[in-house]
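A quick write-up on the structure given underneath.
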Amino acid sequence: ENCQHIGGTPPLGLDVDKETKLYIINEEEAEIVRLIFQLALEGNGYGKITDILNKRGFLSKRKKPFGKGGVRDPLAYSQGANHPLKGWS
């Protein structure tokens, strides 16, 4: 309910406040997440988005080139019942 981090690496676009253990927005990474959504809404698939991110020099949360999973995960986290990308792949 309060978005408290329970362990592991936080999702791309988020960091963890060391005191409260709550998620906080990582603005640098959030720009990448916004671009992923923009590209997906334009009709690009995981492979094309991955290629675009890597050609532009963006790195994943672990500071490595993006793989399809790094593109899929931010989209999958958001796929609630009424989300515009529900069922997109």
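Going by the structure tokens order, chains are called A, B, ..., each with residues numbered from 1, while ligands are numbered from 1 in the order shown.
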
| query | When DSSP works through the backbone of this structure, what residues of segment 13-88 of chain A end up as alpha helix (DSSP H), shown as a PyMOL selection string? | reply | chain A and resi 27-41+46-55+68-77

Please produce a file of the residues just selected, as a short mmCIF file (atom, residue, chain, number, x, y, z; two decimals), in the first residue's frame, where the atoms kept are N, CA, C and O atoms.
data_model
loop_
_atom_site.label_atom_id
_atom_site.label_comp_id
_atom_site.auth_asym_id
_atom_site.auth_seq_id
_atom_site.Cartn_x
_atom_site.Cartn_y
_atom_site.Cartn_z
N GLU A 27 15.07 10.62 -11.27
CA GLU A 27 14.69 11.40 -12.45
C GLU A 27 15.48 11.03 -13.69
O GLU A 27 14.94 11.01 -14.79
N GLU A 28 16.77 10.72 -13.54
CA GLU A 28 17.58 10.35 -14.70
C GLU A 28 17.04 9.08 -15.35
O GLU A 28 16.87 9.00 -16.56
N GLU A 29 16.75 8.08 -14.53
CA GLU A 29 16.19 6.84 -15.05
C GLU A 29 14.75 7.01 -15.49
O GLU A 29 14.30 6.35 -16.44
N ALA A 30 14.00 7.87 -14.83
CA ALA A 30 12.60 8.10 -15.20
C ALA A 30 12.50 8.61 -16.64
O ALA A 30 11.53 8.28 -17.34
N GLU A 31 13.48 9.37 -17.08
CA GLU A 31 13.48 9.83 -18.48
C GLU A 31 13.56 8.64 -19.44
O GLU A 31 12.91 8.65 -20.48
N ILE A 32 14.33 7.64 -19.07
CA ILE A 32 14.44 6.43 -19.91
C ILE A 32 13.09 5.70 -19.93
O ILE A 32 12.63 5.26 -20.98
N VAL A 33 12.46 5.59 -18.76
CA VAL A 33 11.16 4.91 -18.68
C VAL A 33 10.14 5.66 -19.53
O VAL A 33 9.36 5.04 -20.28
N ARG A 34 10.14 6.98 -19.46
CA ARG A 34 9.20 7.77 -20.29
C ARG A 34 9.45 7.51 -21.78
O ARG A 34 8.50 7.40 -22.57
N LEU A 35 10.73 7.43 -22.17
CA LEU A 35 11.06 7.16 -23.57
C LEU A 35 10.58 5.77 -23.97
O LEU A 35 10.04 5.59 -25.07
N ILE A 36 10.76 4.79 -23.10
CA ILE A 36 10.27 3.44 -23.39
C ILE A 36 8.78 3.46 -23.67
O ILE A 36 8.30 2.88 -24.65
N PHE A 37 8.01 4.16 -22.84
CA PHE A 37 6.56 4.24 -23.05
C PHE A 37 6.22 4.99 -24.34
O PHE A 37 5.33 4.58 -25.09
N GLN A 38 6.92 6.07 -24.61
CA GLN A 38 6.68 6.83 -25.84
C GLN A 38 6.91 5.94 -27.05
O GLN A 38 6.08 5.91 -27.97
N LEU A 39 8.03 5.23 -27.06
CA LEU A 39 8.35 4.36 -28.18
C LEU A 39 7.34 3.22 -28.32
O LEU A 39 6.97 2.83 -29.43
N ALA A 40 6.89 2.68 -27.20
CA ALA A 40 5.89 1.60 -27.23
C ALA A 40 4.57 2.11 -27.79
O ALA A 40 3.93 1.46 -28.63
N LEU A 41 4.16 3.29 -27.36
CA LEU A 41 2.90 3.87 -27.85
C LEU A 41 2.97 4.19 -29.34
O LEU A 41 1.94 4.23 -30.02
N TYR A 46 9.63 -4.67 -28.38
CA TYR A 46 10.75 -4.73 -27.43
C TYR A 46 12.10 -4.64 -28.12
O TYR A 46 13.00 -3.94 -27.67
N GLY A 47 12.27 -5.39 -29.21
CA GLY A 47 13.55 -5.41 -29.90
C GLY A 47 13.94 -4.06 -30.46
O GLY A 47 15.08 -3.61 -30.32
N LYS A 48 12.98 -3.39 -31.09
CA LYS A 48 13.25 -2.07 -31.67
C LYS A 48 13.56 -1.06 -30.57
O LYS A 48 14.49 -0.25 -30.70
N ILE A 49 12.80 -1.08 -29.49
CA ILE A 49 13.04 -0.15 -28.38
C ILE A 49 14.42 -0.41 -27.78
O ILE A 49 15.17 0.53 -27.50
N THR A 50 14.77 -1.69 -27.61
CA THR A 50 16.09 -2.04 -27.09
C THR A 50 17.18 -1.47 -27.98
O THR A 50 18.14 -0.86 -27.49
N ASP A 51 17.04 -1.64 -29.29
CA ASP A 51 18.03 -1.11 -30.24
C ASP A 51 18.15 0.41 -30.12
O ASP A 51 19.26 0.95 -30.11
N ILE A 52 17.03 1.10 -30.03
CA ILE A 52 17.04 2.56 -29.94
C ILE A 52 17.75 3.01 -28.66
O ILE A 52 18.60 3.91 -28.70
N LEU A 53 17.40 2.41 -27.54
CA LEU A 53 18.03 2.79 -26.27
C LEU A 53 19.54 2.58 -26.31
O LEU A 53 20.31 3.45 -25.88
N ASN A 54 19.96 1.43 -26.83
CA ASN A 54 21.38 1.12 -26.86
C ASN A 54 22.13 2.02 -27.84
O ASN A 54 23.24 2.46 -27.55
N LYS A 55 21.52 2.34 -28.98
CA LYS A 55 22.17 3.24 -29.94
C LYS A 55 22.32 4.65 -29.37
O LYS A 55 23.25 5.36 -29.72
N LYS A 68 15.97 -7.03 -23.93
CA LYS A 68 14.51 -6.94 -24.06
C LYS A 68 13.81 -6.94 -22.70
O LYS A 68 12.79 -6.29 -22.54
N GLY A 69 14.36 -7.67 -21.72
CA GLY A 69 13.75 -7.70 -20.39
C GLY A 69 13.76 -6.34 -19.73
O GLY A 69 12.83 -5.98 -19.01
N GLY A 70 14.80 -5.56 -19.97
CA GLY A 70 14.89 -4.22 -19.41
C GLY A 70 13.87 -3.26 -19.99
O GLY A 70 13.53 -2.25 -19.39
N VAL A 71 13.38 -3.59 -21.18
CA VAL A 71 12.32 -2.81 -21.81
C VAL A 71 10.96 -3.35 -21.39
O VAL A 71 10.04 -2.61 -21.10
N ARG A 72 10.85 -4.67 -21.34
CA ARG A 72 9.58 -5.31 -20.99
C ARG A 72 9.14 -4.99 -19.57
O ARG A 72 7.96 -4.71 -19.32
N ASP A 73 10.08 -5.01 -18.62
CA ASP A 73 9.70 -4.87 -17.21
C ASP A 73 8.98 -3.57 -16.88
O ASP A 73 7.93 -3.61 -16.24
N PRO A 74 9.48 -2.40 -17.29
CA PRO A 74 8.73 -1.18 -16.97
C PRO A 74 7.33 -1.18 -17.57
O PRO A 74 6.38 -0.70 -16.95
N LEU A 75 7.19 -1.76 -18.76
CA LEU A 75 5.86 -1.83 -19.38
C LEU A 75 4.97 -2.81 -18.63
O LEU A 75 3.80 -2.54 -18.41
N ALA A 76 5.52 -3.93 -18.21
CA ALA A 76 4.73 -4.95 -17.51
C ALA A 76 4.25 -4.46 -16.15
O ALA A 76 3.13 -4.76 -15.74
N TYR A 77 5.10 -3.69 -15.43
CA TYR A 77 4.70 -3.19 -14.12
C TYR A 77 3.47 -2.31 -14.19
O TYR A 77 2.73 -2.17 -13.23
#

| task | Mind giving me the straight-line distance from atom CA of Thr9 of chain A to atom CA of Gly67 of chain A in Å, one decimal? | result | 16.2 Å

| said: At a cut-off of 6 Å, using only C-alpha atoms, what residues contact segment 10-17 of chain A? Leave out same-chain residues fewer than 4 positions from it and give the result as a list in words. | reply: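 Near segment 10-17 of chain A, the qualifying residues are Lys21, Leu22, Tyr23, Ile24, Ile25, Asn26, Glu29, Ala30 and Lys61 of chain A.
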
Could you turn the residues from that selection into a file that holds C-alpha atoms, as a JSON list (two decimals), in the first residue's frame?
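Saved the output as selection_19.json:
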[["chain", "number", "residue", "atom", "x", "y", "z"],
["A", 21, "LYS", "CA", 12.59, 2.17, 2.61],
["A", 22, "LEU", "CA", 10.00, 3.84, 0.37],
["A", 23, "TYR", "CA", 10.43, 4.20, -3.37],
["A", 24, "ILE", "CA", 11.54, 7.58, -4.65],
["A", 25, "ILE", "CA", 11.77, 8.68, -8.28],
["A", 26, "ASN", "CA", 15.19, 8.60, -9.91],
["A", 29, "GLU", "CA", 16.19, 6.84, -15.05],
["A", 30, "ALA", "CA", 12.60, 8.10, -15.20],
["A", 61, "LYS", "CA", 19.72, -0.05, -13.80]]

| field | Which of chain A DSSP labels strand (DSSP E), written as a list in words | value |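 Result set for chain A (strand (DSSP E)): Leu14, Asp15, Val16, Tyr23, Ile24 and Ile25 of chain A.
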
With N, CA and C atoms retained, write the just-selected residues as a compact mmCIF listing (two decimals), in the first residue's frame.
# COMPACT_ATOMS: atom_id res chain seq x y z
N LEU A 14 13.19 4.10 -10.32
CA LEU A 14 12.96 4.25 -8.89
C LEU A 14 14.23 3.91 -8.10
N ASP A 15 14.39 4.58 -6.99
CA ASP A 15 15.42 4.26 -6.00
C ASP A 15 14.72 4.05 -4.68
N VAL A 16 15.47 3.70 -3.64
CA VAL A 16 14.90 3.46 -2.33
C VAL A 16 15.49 4.44 -1.33
N TYR A 23 9.93 3.86 -2.04
CA TYR A 23 10.43 4.20 -3.37
C TYR A 23 10.43 5.71 -3.57
N ILE A 24 11.47 6.18 -4.24
CA ILE A 24 11.54 7.58 -4.65
C ILE A 24 11.94 7.59 -6.13
N ILE A 25 11.50 8.60 -6.86
CA ILE A 25 11.77 8.68 -8.28
C ILE A 25 13.22 9.05 -8.53

| Atom-to-atom span, atom CA of Glu19 of chain A and atom CA of Phe58 of chain A, Å |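 Distance between the two atoms: 29.0 Å.
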
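Taking atom CA of Gly57 of chain A and atom CA of Gly43 of chain A as the two end points, the separation is 21.3 Å.
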